[in-house]
>>> print(open('work14.tsv').read())   # TSV, C-alpha atoms
chain	number	residue	atom	x	y	z
A	1	MET	CA	97.19	153.55	107.84
A	2	PHE	CA	94.01	154.75	106.18
A	3	LEU	CA	92.14	152.64	103.67
A	4	ASN	CA	89.68	153.83	101.08
A	5	LYS	CA	86.15	152.71	101.92
A	6	LYS	CA	84.14	151.91	98.81
A	7	SER	CA	87.35	150.72	97.19
A	8	ARG	CA	87.91	147.51	99.09
A	9	SER	CA	86.48	145.04	101.88
A	10	VAL	CA	83.33	143.18	103.67
A	11	LYS	CA	81.05	142.78	107.11
A	12	VAL	CA	77.84	141.09	109.06
A	13	PHE	CA	75.46	139.38	112.16
A	14	ALA	CA	72.78	136.73	113.27
A	15	ALA	CA	69.56	136.20	115.28
A	16	GLY	CA	65.89	136.27	114.43
A	17	ILE	CA	62.86	134.80	116.05
A	18	ALA	CA	60.38	132.93	113.90
A	19	VAL	CA	56.77	134.03	113.90
A	20	VAL	CA	54.42	135.41	111.35
A	21	SER	CA	54.50	139.04	110.37
A	22	SER	CA	53.26	140.01	106.95
A	23	LEU	CA	52.84	143.61	108.03
A	24	SER	CA	53.93	146.72	106.21
A	25	LEU	CA	55.19	148.35	109.40
A	26	ALA	CA	52.66	151.11	109.03
A	27	ALA	CA	53.42	152.78	112.32
A	28	CYS	CA	57.06	153.10	111.31
A	29	GLY	CA	56.18	153.87	107.73
A	30	GLY	CA	57.99	150.60	107.00
A	31	ASP	CA	57.54	148.12	104.18
A	32	SER	CA	58.58	144.47	104.39
A	33	SER	CA	59.13	142.24	101.38
A	34	ASN	CA	57.62	138.76	101.38
A	35	THR	CA	61.04	137.29	102.26
A	36	ALA	CA	60.71	138.82	105.71
A	37	SER	CA	57.19	137.50	106.26
A	38	THR	CA	58.43	134.73	108.58
A	39	ALA	CA	60.47	137.06	110.78
A	40	ASN	CA	59.25	138.52	114.05
A	41	VAL	CA	59.37	142.16	113.05
A	42	GLY	CA	57.99	144.97	115.17
A	43	THR	CA	55.17	147.10	113.84
A	44	THR	CA	55.96	150.26	115.83
A	45	ALA	CA	59.18	152.09	116.60
A	46	ASP	CA	59.04	150.91	120.22
A	47	GLU	CA	58.45	147.29	119.25
A	48	ILE	CA	61.32	147.39	116.78
A	49	ALA	CA	63.62	148.87	119.43
A	50	ASN	CA	62.63	146.24	122.02
A	51	LEU	CA	63.04	143.35	119.59
A	52	ALA	CA	66.34	144.79	118.38
A	53	ALA	CA	67.61	144.78	121.96
A	54	GLU	CA	66.65	141.08	122.18
A	55	GLU	CA	68.57	140.40	118.96
A	56	GLY	CA	71.44	142.24	120.61
A	57	GLU	CA	73.43	143.14	117.53
A	58	VAL	CA	73.29	144.79	114.13
A	59	ARG	CA	75.77	143.63	111.52
A	60	LEU	CA	77.12	146.17	109.06
A	61	ILE	CA	79.56	146.25	106.16
A	62	ALA	CA	81.64	149.13	104.79
A	63	TYR	CA	81.20	151.51	107.74
A	64	PRO	CA	84.66	152.92	108.64
A	65	GLU	CA	84.73	154.84	111.92
A	66	SER	CA	86.33	157.90	110.30
A	67	TRP	CA	83.76	158.01	107.47
A	68	ALA	CA	80.93	160.49	108.13
A	69	ASN	CA	81.57	160.18	111.88
A	70	TYR	CA	80.35	156.59	112.06
A	71	LYS	CA	82.35	156.18	115.25
A	72	GLY	CA	80.01	158.70	116.89
A	73	HIS	CA	76.99	156.90	115.43
A	74	PHE	CA	78.09	153.54	116.81
A	75	GLU	CA	78.62	154.89	120.31
A	76	GLU	CA	75.37	156.85	120.53
A	77	PHE	CA	73.26	154.11	118.94
A	78	SER	CA	74.61	151.37	121.23
A	79	ASN	CA	74.24	153.52	124.33
A	80	LYS	CA	70.66	154.42	123.50
A	81	TYR	CA	69.34	151.03	122.37
A	82	ASN	CA	71.66	148.51	124.01
A	83	VAL	CA	72.41	146.97	120.62
A	84	LYS	CA	75.98	146.06	119.69
A	85	VAL	CA	77.29	147.29	116.34
A	86	THR	CA	79.47	144.80	114.47
A	87	VAL	CA	81.31	146.02	111.38
A	88	ASP	CA	83.08	143.59	109.08
A	89	SER	CA	85.51	144.80	106.38
A	90	PRO	CA	84.90	148.50	107.10
A	91	ASP	CA	86.74	149.59	103.95
A	92	ALA	CA	84.83	147.47	101.44
A	93	SER	CA	83.86	148.98	98.12
A	94	SER	CA	80.20	149.29	97.17
A	95	ALA	CA	80.71	146.52	94.62
A	96	GLU	CA	82.16	144.28	97.34
A	97	GLU	CA	79.19	145.02	99.59
A	98	LEU	CA	76.80	143.62	96.99
A	99	GLN	CA	79.05	140.61	96.49
A	100	ALA	CA	79.06	140.00	100.24
A	101	VAL	CA	75.26	139.87	100.36
A	102	GLN	CA	75.22	137.44	97.44
A	103	ASN	CA	77.84	135.20	99.04
A	104	LEU	CA	76.60	135.34	102.63
A	105	LYS	CA	72.83	135.35	102.10
A	106	GLY	CA	71.11	133.35	104.81
A	107	GLN	CA	74.29	132.92	106.87
A	108	SER	CA	74.93	134.34	110.31
A	109	THR	CA	77.51	136.69	108.82
A	110	GLN	CA	75.16	138.28	106.28
A	111	PRO	CA	75.19	142.08	106.56
A	112	ASP	CA	71.93	143.54	107.85
A	113	VAL	CA	72.41	147.04	106.38
A	114	LEU	CA	74.72	148.37	103.67
A	115	ASP	CA	76.18	151.79	102.91
A	116	ILE	CA	76.46	151.87	99.11
A	117	GLY	CA	77.15	154.60	96.60
A	118	TYR	CA	74.14	155.94	94.71
A	119	SER	CA	75.33	154.24	91.50
A	120	PHE	CA	75.05	150.83	93.15
A	121	THR	CA	71.42	151.17	94.26
A	122	SER	CA	69.93	150.02	90.95
A	123	PRO	CA	72.17	146.93	90.66
A	124	ALA	CA	71.33	146.03	94.26
A	125	VAL	CA	67.59	146.23	93.52
A	126	GLN	CA	67.92	144.38	90.21
A	127	GLN	CA	69.89	141.57	91.84
A	128	GLY	CA	67.23	141.12	94.52
A	129	LEU	CA	69.61	141.93	97.38
A	130	LEU	CA	67.44	144.46	99.23
A	131	GLU	CA	64.34	144.34	101.40
A	132	ALA	CA	62.00	147.33	101.45
A	133	TYR	CA	61.84	149.43	104.60
A	134	LYS	CA	60.59	152.99	105.04
A	135	PRO	CA	61.72	154.73	108.24
A	136	SER	CA	59.09	156.50	110.31
A	137	ASN	CA	60.03	159.96	108.99
A	138	TRP	CA	59.85	158.80	105.39
A	139	ASP	CA	57.76	161.78	104.27
A	140	GLU	CA	60.42	164.23	105.50
A	141	ILE	CA	63.14	162.73	103.28
A	142	PRO	CA	63.41	164.45	99.87
A	143	ASP	CA	62.31	162.25	96.97
A	144	GLN	CA	65.73	162.31	95.29
A	145	PHE	CA	67.19	160.53	98.32
A	146	LYS	CA	64.87	157.51	98.47
A	147	ASP	CA	63.44	154.72	96.37
A	148	PRO	CA	59.67	155.13	95.94
A	149	GLU	CA	59.10	151.54	97.05
A	150	GLY	CA	61.41	151.83	100.04
A	151	LYS	CA	64.13	149.54	98.69
A	152	TRP	CA	66.72	152.08	99.81
A	153	VAL	CA	66.95	155.43	101.55
A	154	SER	CA	69.85	157.84	101.92
A	155	ALA	CA	70.59	159.68	105.16
A	156	TYR	CA	73.54	161.81	103.98
A	157	TYR	CA	75.52	163.14	101.05
A	158	GLY	CA	78.87	164.77	100.43
A	159	VAL	CA	80.65	167.23	98.15
A	160	ILE	CA	83.83	166.49	96.18
A	161	GLU	CA	86.95	168.29	97.41
A	162	PHE	CA	90.61	168.44	96.51
A	163	GLY	CA	92.66	167.24	99.47
A	164	VAL	CA	96.03	168.97	99.04
A	165	ASN	CA	99.28	168.37	100.93
A	166	THR	CA	100.68	171.89	101.00
A	167	ASN	CA	104.04	170.58	102.15
A	168	LYS	CA	104.37	169.31	98.57
A	169	VAL	CA	102.17	171.78	96.69
A	170	LYS	CA	102.80	175.48	97.20
A	171	ASP	CA	100.37	176.73	94.56
A	172	VAL	CA	97.09	175.11	95.65
A	173	PRO	CA	94.71	174.43	92.73
A	174	THR	CA	91.21	175.81	93.05
A	175	SER	CA	89.65	174.42	89.87
A	176	PHE	CA	89.82	171.46	87.53
A	177	LYS	CA	91.36	173.73	84.93
A	178	ASP	CA	94.26	174.31	87.32
A	179	LEU	CA	94.94	170.56	87.48
A	180	LEU	CA	96.04	170.55	83.83
A	181	ASP	CA	99.13	172.60	84.68
A	182	PRO	CA	102.36	170.60	84.06
A	183	LYS	CA	103.66	171.63	87.49
A	184	TYR	CA	101.29	169.04	88.98
A	185	LYS	CA	102.85	166.15	87.06
A	186	GLY	CA	102.68	162.91	89.04
A	187	GLN	CA	100.72	164.53	91.88
A	188	ILE	CA	96.99	164.11	91.16
A	189	ALA	CA	94.80	161.11	91.97
A	190	LEU	CA	91.22	160.00	92.25
A	191	SER	CA	90.36	158.20	95.48
A	192	GLY	CA	90.24	154.88	93.64
A	193	ASP	CA	88.96	153.17	90.50
A	194	PRO	CA	85.69	154.73	89.26
A	195	ARG	CA	84.58	151.33	88.01
A	196	GLN	CA	84.52	150.14	91.62
A	197	GLY	CA	83.72	153.05	93.94
A	198	ALA	CA	81.18	155.86	94.02
A	199	SER	CA	83.60	158.45	95.41
A	200	SER	CA	85.82	158.01	92.34
A	201	ILE	CA	82.85	158.22	89.99
A	202	ALA	CA	81.96	161.48	91.73
A	203	GLY	CA	85.39	162.90	90.90
A	204	VAL	CA	84.79	162.15	87.21
A	205	PHE	CA	81.30	163.68	87.41
A	206	ALA	CA	82.68	166.87	88.97
A	207	ALA	CA	85.32	167.11	86.23
A	208	SER	CA	82.59	166.72	83.64
A	209	LEU	CA	80.63	169.65	85.08
A	210	ALA	CA	83.83	171.72	84.90
A	211	ASN	CA	84.41	170.86	81.26
A	212	GLY	CA	81.11	171.43	79.50
A	213	GLY	CA	79.39	168.25	80.63
A	214	SER	CA	76.28	167.84	82.72
A	215	LEU	CA	74.55	165.39	85.02
A	216	ASP	CA	73.34	163.73	81.83
A	217	ASP	CA	76.78	163.65	80.23
A	218	ILE	CA	79.84	162.39	82.14
A	219	GLU	CA	81.96	161.86	79.00
A	220	PRO	CA	83.78	165.22	79.29
A	221	GLY	CA	84.93	164.04	82.71
A	222	VAL	CA	86.39	160.86	81.22
A	223	ALA	CA	88.07	162.99	78.55
A	224	PHE	CA	89.52	165.25	81.26
A	225	PHE	CA	91.12	162.36	83.14
A	226	GLU	CA	92.34	160.89	79.87
A	227	GLU	CA	94.18	164.18	79.30
A	228	LEU	CA	95.57	164.15	82.85
A	229	SER	CA	96.72	160.56	82.35
A	230	ASN	CA	98.39	161.28	79.03
A	231	SER	CA	100.19	164.30	80.47
A	232	GLY	CA	101.50	162.29	83.42
A	233	ASN	CA	99.69	164.44	85.98
A	234	LEU	CA	97.43	161.56	87.06
A	235	VAL	CA	98.65	158.72	89.26
A	236	SER	CA	96.89	155.65	90.63
A	237	ILE	CA	96.54	155.11	94.39
A	238	SER	CA	94.77	152.70	96.72
A	239	ASP	CA	94.41	154.91	99.79
A	240	PRO	CA	93.91	158.71	99.69
A	241	ALA	CA	95.32	159.54	103.11
A	242	GLY	CA	98.16	157.08	102.75
A	243	ALA	CA	99.04	158.61	99.38
A	244	LEU	CA	99.33	162.08	100.90
A	245	THR	CA	101.40	160.73	103.79
A	246	THR	CA	103.88	158.79	101.64
A	247	GLY	CA	104.07	161.33	98.81
A	248	GLU	CA	102.51	158.92	96.34
A	249	ALA	CA	100.20	161.81	95.45
A	250	ALA	CA	99.81	165.39	96.66
A	251	ILE	CA	96.33	166.27	95.35
A	252	VAL	CA	93.54	163.71	95.83
A	253	LEU	CA	89.84	164.01	95.02
A	254	ASP	CA	87.47	162.65	97.67
A	255	TRP	CA	84.37	163.50	99.69
A	256	ASN	CA	84.51	166.48	102.04
A	257	TYR	CA	83.54	164.32	105.04
A	258	ASN	CA	86.38	161.90	104.33
A	259	TRP	CA	88.93	164.69	104.49
A	260	ALA	CA	87.29	165.99	107.66
A	261	GLY	CA	87.58	162.56	109.24
A	262	ARG	CA	91.27	162.26	108.33
A	263	GLU	CA	92.50	165.71	109.31
A	264	GLU	CA	93.75	164.88	112.81
A	265	GLN	CA	95.59	161.74	111.75
A	266	LEU	CA	97.12	163.46	108.73
A	267	GLU	CA	98.36	166.25	110.97
A	268	ARG	CA	99.98	163.68	113.26
A	269	ASP	CA	101.57	162.11	110.17
A	270	GLY	CA	103.09	165.44	109.20
A	271	VAL	CA	100.74	166.29	106.34
A	272	LYS	CA	99.61	169.89	106.09
A	273	LEU	CA	96.18	169.44	104.56
A	274	GLU	CA	94.22	172.09	102.69
A	275	ARG	CA	90.73	171.27	101.46
A	276	VAL	CA	89.26	172.94	98.38
A	277	VAL	CA	85.87	172.59	96.69
A	278	PRO	CA	86.72	173.12	92.99
A	279	SER	CA	85.09	176.33	91.80
A	280	ASP	CA	84.19	174.95	88.38
A	281	GLY	CA	82.79	171.56	89.43
A	282	VAL	CA	80.62	171.63	92.57
A	283	PHE	CA	79.31	168.10	92.65
A	284	GLY	CA	77.65	166.12	95.41
A	285	ASN	CA	76.07	162.75	95.84
A	286	PHE	CA	74.70	160.34	98.37
A	287	TYR	CA	75.25	156.92	99.83
A	288	ALA	CA	72.25	154.75	100.58
A	289	GLN	CA	71.70	152.61	103.68
A	290	PRO	CA	69.38	149.80	102.59
A	291	LEU	CA	68.20	146.76	104.51
A	292	THR	CA	69.45	143.53	102.94
A	293	ILE	CA	67.13	140.75	101.85
A	294	ASN	CA	65.87	138.64	104.75
A	295	PRO	CA	68.42	140.00	107.24
A	296	GLN	CA	69.58	137.93	110.18
A	297	HIS	CA	68.70	140.79	112.55
A	298	PRO	CA	65.54	142.24	111.00
A	299	ASN	CA	64.66	144.55	113.88
A	300	ALA	CA	68.18	145.74	114.61
A	301	GLY	CA	68.65	146.46	110.91
A	302	ARG	CA	65.46	148.50	110.79
A	303	LEU	CA	66.40	150.30	114.00
A	304	TRP	CA	69.78	151.25	112.52
A	305	ILE	CA	68.03	152.80	109.51
A	306	GLU	CA	65.65	154.64	111.86
A	307	TRP	CA	68.66	155.98	113.78
A	308	LEU	CA	70.55	157.19	110.73
A	309	ASN	CA	67.52	159.13	109.49
A	310	SER	CA	66.58	160.58	112.88
A	311	ASP	CA	67.46	164.04	114.17
A	312	GLU	CA	70.09	162.43	116.40
A	313	GLY	CA	71.58	160.56	113.47
A	314	ALA	CA	71.63	163.76	111.41
A	315	GLU	CA	73.55	165.52	114.19
A	316	GLN	CA	76.19	162.78	114.17
A	317	TYR	CA	76.52	162.93	110.39
A	318	ALA	CA	76.92	166.70	110.44
A	319	ARG	CA	79.56	166.48	113.19
A	320	GLY	CA	81.50	164.39	110.68
A	321	ALA	CA	80.97	166.95	107.87
A	322	ALA	CA	78.45	164.72	106.08
A	323	ILE	CA	75.39	166.67	104.95
A	324	PRO	CA	72.13	165.13	106.23
A	325	THR	CA	69.67	164.66	103.39
A	326	ARG	CA	67.07	166.40	105.57
A	327	PHE	CA	69.45	169.33	106.07
A	328	THR	CA	67.18	172.10	104.76
A	329	GLN	CA	64.36	171.28	107.16
A	330	LEU	CA	66.69	170.52	110.08
A	331	ALA	CA	68.48	173.85	109.65
A	332	LYS	CA	65.19	175.70	109.35
A	333	ASP	CA	63.92	174.10	112.56
A	334	GLY	CA	67.19	174.75	114.40
A	335	LYS	CA	67.76	171.06	115.12
A	336	LEU	CA	71.48	170.94	114.36
A	337	SER	CA	74.00	172.22	116.88
A	338	GLN	CA	76.33	175.07	115.99
A	339	GLU	CA	79.23	172.66	116.32
A	340	ALA	CA	77.66	170.45	113.67
A	341	LEU	CA	76.82	173.35	111.36
A	342	ASP	CA	80.41	174.59	111.57
A	343	LYS	CA	81.63	171.26	110.16
A	344	LEU	CA	79.53	171.51	106.99
A	345	PRO	CA	80.47	173.21	103.71
A	346	ASP	CA	79.69	176.89	103.36
A	347	PRO	CA	76.00	177.51	102.57
A	348	THR	CA	76.99	179.18	99.29
A	349	ILE	CA	78.57	175.89	98.21
A	350	LEU	CA	75.52	173.89	99.22
A	351	GLU	CA	73.41	176.18	97.06
A	352	LYS	CA	75.55	175.36	94.00
A	353	VAL	CA	75.97	171.63	94.48
A	354	GLN	CA	74.57	169.45	91.70
A	355	VAL	CA	73.29	166.00	92.65
A	356	PRO	CA	72.34	163.47	89.94
A	357	SER	CA	69.34	161.20	89.93
A	358	VAL	CA	69.83	157.44	90.10
A	359	GLU	CA	68.97	157.26	86.40
A	360	GLN	CA	71.68	159.79	85.58
A	361	GLY	CA	74.09	157.82	87.75
A	362	ASP	CA	73.25	154.59	85.93
A	363	LYS	CA	73.90	156.28	82.58
A	364	ALA	CA	77.25	157.58	83.85
A	365	ASN	CA	78.20	154.09	85.06
A	366	GLN	CA	77.67	152.69	81.58
A	367	VAL	CA	79.96	155.32	80.06
A	368	ILE	CA	82.70	154.63	82.62
A	369	ALA	CA	82.34	150.85	82.24
A	370	THR	CA	82.77	151.02	78.47
A	371	GLN	CA	85.30	153.85	78.12
A	372	TRP	CA	87.49	154.18	81.21
A	373	ALA	CA	89.91	151.28	80.67
A	374	GLN	CA	90.42	152.15	77.01
A	375	ARG	CA	91.04	155.85	77.60
A	376	VAL	CA	92.59	156.30	81.05
A	377	ARG	CA	95.80	154.40	81.72
A	378	ASN	CA	95.96	155.04	85.49
>>> encode(input="work14.tsv", output="structure tokens")
Amino acid sequence: MFLNKKSRSVKVFAAGIAVVSSLSLAACGGDSSNTASTANVGTTADEIANLAAEEGEVRLIAYPESWANYKGHFEEFSNKYNVKVTVDSPDASSAEELQAVQNLKGQSTQPDVLDIGYSFTSPAVQQGLLEAYKPSNWDEIPDQFKDPEGKWVSAYYGVIEFGVNTNKVKDVPTSFKDLLDPKYKGQIALSGDPRQGASSIAGVFAASLANGGSLDDIEPGVAFFEELSNSGNLVSISDPAGALTTGEAAIVLDWNYNWAGREEQLERDGVKLERVVPSDGVFGNFYAQPLTINPQHPNAGRLWIEWLNSDEGAEQYARGAAIPTRFTQLAKDGKLSQEALDKLPDPTILEKVQVPSVEQGDKANQVIATQWAQRVRN
């Protein structure tokens, strides 16, 4: 059964060799906070890779294999660097990831690297849970996908889609306006609770764009789901794919790469899936992959971030329908395979996608935190 990553779970690893290193990892473009000053951290990409192999493992949290083709990442990374990938609680929510770092800090099971929704980057920085690190191709990563001080960097983003079980829905909706139709009563769901997961927040953001809102104003999206809830069209689920399989819901909003990763299993489960980017709300956003504070595997954690942001990492993301944040340059330079390009949304959609800044995301979080429970019953 599928679970909804960023709506529940936790993960981690240990090692580390003590010596002095108060370097800023210049050769790798990396920055280290003072908490890492006692760790033996490489100062070049080769040194980091060699020391990571000695550590032998990188510990991750909230990295499901079917999400953005992480299964492919794990295999290629381990084969290339001889570093084992350990993933605890692959389906943890972003909120649970931060809690895991707080609870496990300094222990052998502390996660080395996270994969958190954009709206959780500011809380992670404010709570002192992250250690600065800039991968070697830092300058190639667009500014909107990285923290200026290197506290976090994003390697991929996605676009919100309707995942529709056409065995249950004959008239497939193509817009948020369509979802208001009474014929969809009891059939529509977000991927989870928007107070807990970034993918659910994204669904509300997309609805806002479709209903007169903007990246600065998510309230129309809350109002839209309030209307869906009051009409009985909206239902609550814990697992998008499971909901389509059991009939708990027939139309679920989630990231395009999540639906891509579930297609084969859903077909085996008898679900006829159709994926639709809503015409009136083309919204996208990123997940960040930051190094945690004083990680137990400082080199392996840095190497994982290097991998995710490399050309090879971008290829693996694209093969899983996740859009590399360096996509424009990679496509221009012909560095993505045709197989990978074929997995991505149509270029006309990518031209329309609206991606908020972290500040806009923080503002949206406040609106959802204060209004969602009072206005949306599901």
>>> axis_aligned_box(input="work14.tsv", around="segment 284-298 of chain A", padding_each_side="5 Å", output="lines of an AutoDock Vina configuration file")
center_x = 71.6
center_y = 152.0
center_z = 104.0
size_x = 22.1
size_y = 38.2
size_z = 27.1
>>> closest_residue(input="work14.tsv", among="A:Ala364, A:Leu253, A:Gly186, A:Val87", to="Pro220 of chain A", atoms="all atoms listed in the file")
A:Ala364
>>> residues_around(input="work14.tsv", residues="segment 64-79 of chain A", least_positions_apart="2", cutoff="8 Å", atoms="only C-alpha atoms", output="PyMOL selection string")
chain A and resi 5+62+81-85+90-91+257-258+261-262+304+307-308+313+316-322
>>> closest_atom_pairs(input="work14.tsv", of="segment 79-168 of chain A", to="segment 339-350 of chain A", cutoff="12 Å", atoms="all atoms listed in the file", output="tab-separated table")
residue	atom	partner	partner_atom	distance
A:Tyr156	CA	A:Leu344	CA	11.8
A:Tyr157	CA	A:Leu350	CA	10.9
A:Gly158	CA	A:Pro345	CA	9.2
A:Val159	CA	A:Pro345	CA	8.2
A:Ile160	CA	A:Pro345	CA	10.6
A:Glu161	CA	A:Pro345	CA	10.3
>>> closest_residue(input="work14.tsv", among="A:Ala223, A:Ile61, A:Leu114, A:Ala241", to="Tyr287 of chain A", atoms="only C-alpha atoms")
A:Leu114
>>> residues_around(input="work14.tsv", residues="Val222 of chain A", least_positions_apart="2", cutoff="9 Å", atoms="all atoms listed in the file", output="PyMOL selection string")
chain A and resi 204-205+207-208+218-220+224-227+367-368+371-372+375-376
>>> residues_around(input="work14.tsv", residues="Val353 of chain A", least_positions_apart="3", cutoff="6 Å", atoms="all atoms listed in the file", output="list in words")
Val282, Phe283, Gly284 and Leu350 of chain A
>>> write_last_selection(input="work14.tsv", atoms="C-alpha atoms", output="PDB file, in the coordinates of the input")
ATOM      1  CA  VAL A 282      80.620 171.630  92.570  1.00  0.00           C
ATOM      2  CA  PHE A 283      79.310 168.100  92.650  1.00  0.00           C
ATOM      3  CA  GLY A 284      77.650 166.120  95.410  1.00  0.00           C
ATOM      4  CA  LEU A 350      75.520 173.890  99.220  1.00  0.00           C
TER       5      LEU A 350
END
>>> residues_near_point(input="work14.tsv", point="(94.7, 157.8, 99.4)", cutoff="10 Å", atoms="all atoms listed in the file", output="ChimeraX atom specification")
/A:1-4,163,189-192,236-246,248-254
>>> residues_around(input="work14.tsv", residues="segment 268-274 of chain A", least_positions_apart="2", cutoff="9 Å", atoms="all atoms listed in the file", output="ChimeraX atom specification")
/A:162-168,172,244-245,259,263-266,276
>>> residues_near_point(input="work14.tsv", point="(69.9, 145.7, 90.8)", cutoff="12 Å", atoms="all atoms listed in the file", output="short mmCIF file (atom, residue, chain, number, x, y, z; two decimals) with C-alpha atoms, in the coordinates of the input")
data_model
loop_
_atom_site.label_atom_id
_atom_site.label_comp_id
_atom_site.auth_asym_id
_atom_site.auth_seq_id
_atom_site.Cartn_x
_atom_site.Cartn_y
_atom_site.Cartn_z
CA ALA A 95 80.71 146.52 94.62
CA LEU A 98 76.80 143.62 96.99
CA GLN A 99 79.05 140.61 96.49
CA GLN A 102 75.22 137.44 97.44
CA TYR A 118 74.14 155.94 94.71
CA SER A 119 75.33 154.24 91.50
CA PHE A 120 75.05 150.83 93.15
CA THR A 121 71.42 151.17 94.26
CA SER A 122 69.93 150.02 90.95
CA PRO A 123 72.17 146.93 90.66
CA ALA A 124 71.33 146.03 94.26
CA VAL A 125 67.59 146.23 93.52
CA GLN A 126 67.92 144.38 90.21
CA GLN A 127 69.89 141.57 91.84
CA GLY A 128 67.23 141.12 94.52
CA LEU A 129 69.61 141.93 97.38
CA LEU A 130 67.44 144.46 99.23
CA LYS A 151 64.13 149.54 98.69
CA TRP A 152 66.72 152.08 99.81
CA VAL A 358 69.83 157.44 90.10
CA ASP A 362 73.25 154.59 85.93
#
>>> closest_residue(input="work14.tsv", among="A:Asn40, A:Gln329, A:Asn50, A:Asn378", to="Asn230 of chain A", atoms="all atoms listed in the file")
A:Asn378
>>> atom_distance(input="work14.tsv", atom1="atom CA of Gly117 of chain A", atom2="atom CA of Pro135 of chain A")
19.3 Å
>>> atom_distance(input="work14.tsv", atom1="atom CA of Gly106 of chain A", atom2="atom CA of Ala288 of chain A")
21.8 Å
>>> atom_distance(input="work14.tsv", atom1="atom CA of Gln196 of chain A", atom2="atom CA of Ser94 of chain A")
7.1 Å
>>> closest_residue(input="work14.tsv", among="A:Lys363, A:Arg326, A:Arg302, A:Lys177", to="Ser279 of chain A", atoms="only C-alpha atoms")
A:Lys177
>>> residues_around(input="work14.tsv", residues="Arg59 of chain A", least_positions_apart="5", cutoff="12 Å", atoms="only C-alpha atoms", output="MDAnalysis selection string")
chainID A and resid 10:15 52 74 83:90 101 107:115 291:292 295:304
>>> closest_residue(input="work14.tsv", among="A:Pro142, A:Gly197, A:Gly281, A:Gly247", to="Glu97 of chain A", atoms="only C-alpha atoms")
A:Gly197
>>> decode(input="work14.tsv", residues="segment 154-197 of chain A", atoms="C-alpha atoms", output="short mmCIF file (atom, residue, chain, number, x, y, z; two decimals), in the first residue's frame")
data_model
loop_
_atom_site.label_atom_id
_atom_site.label_comp_id
_atom_site.auth_asym_id
_atom_site.auth_seq_id
_atom_site.Cartn_x
_atom_site.Cartn_y
_atom_site.Cartn_z
CA SER A 154 16.64 22.56 -3.79
CA ALA A 155 17.45 20.11 -6.58
CA TYR A 156 13.93 19.61 -7.98
CA TYR A 157 10.36 20.85 -8.11
CA GLY A 158 6.98 19.57 -9.21
CA VAL A 159 3.64 20.70 -10.62
CA ILE A 160 0.24 19.99 -9.05
CA GLU A 161 -1.94 17.52 -10.96
CA PHE A 162 -5.34 15.92 -10.55
CA GLY A 163 -4.90 12.16 -10.29
CA VAL A 164 -8.21 10.75 -11.55
CA ASN A 165 -9.49 7.17 -11.42
CA THR A 166 -11.45 7.03 -14.65
CA ASN A 167 -13.06 3.76 -13.59
CA LYS A 168 -15.03 5.93 -11.16
CA VAL A 169 -15.06 9.27 -12.99
CA LYS A 170 -16.23 9.33 -16.59
CA ASP A 171 -16.19 13.10 -17.02
CA VAL A 172 -12.60 13.98 -16.09
CA PRO A 173 -12.26 17.50 -14.62
CA THR A 174 -9.72 19.78 -16.25
CA SER A 175 -9.98 22.82 -13.97
CA PHE A 176 -10.68 23.78 -10.38
CA LYS A 177 -13.96 25.26 -11.53
CA ASP A 178 -14.99 21.79 -12.69
CA LEU A 179 -14.44 20.40 -9.19
CA LEU A 180 -17.39 22.41 -7.87
CA ASP A 181 -19.83 20.29 -9.87
CA PRO A 182 -22.17 18.28 -7.58
CA LYS A 183 -21.46 15.14 -9.62
CA TYR A 184 -18.09 14.94 -7.85
CA LYS A 185 -19.65 14.73 -4.39
CA GLY A 186 -17.53 12.64 -2.04
CA GLN A 187 -14.80 12.12 -4.65
CA ILE A 188 -12.22 14.92 -4.25
CA ALA A 189 -9.27 15.01 -1.85
CA LEU A 190 -6.04 16.80 -1.14
CA SER A 191 -3.04 14.53 -0.61
CA GLY A 192 -3.14 15.23 3.13
CA ASP A 193 -3.50 17.98 5.72
CA PRO A 194 -2.10 21.32 4.46
CA ARG A 195 -1.07 22.17 8.00
CA GLN A 196 1.38 19.26 7.89
CA GLY A 197 2.56 18.69 4.32
#
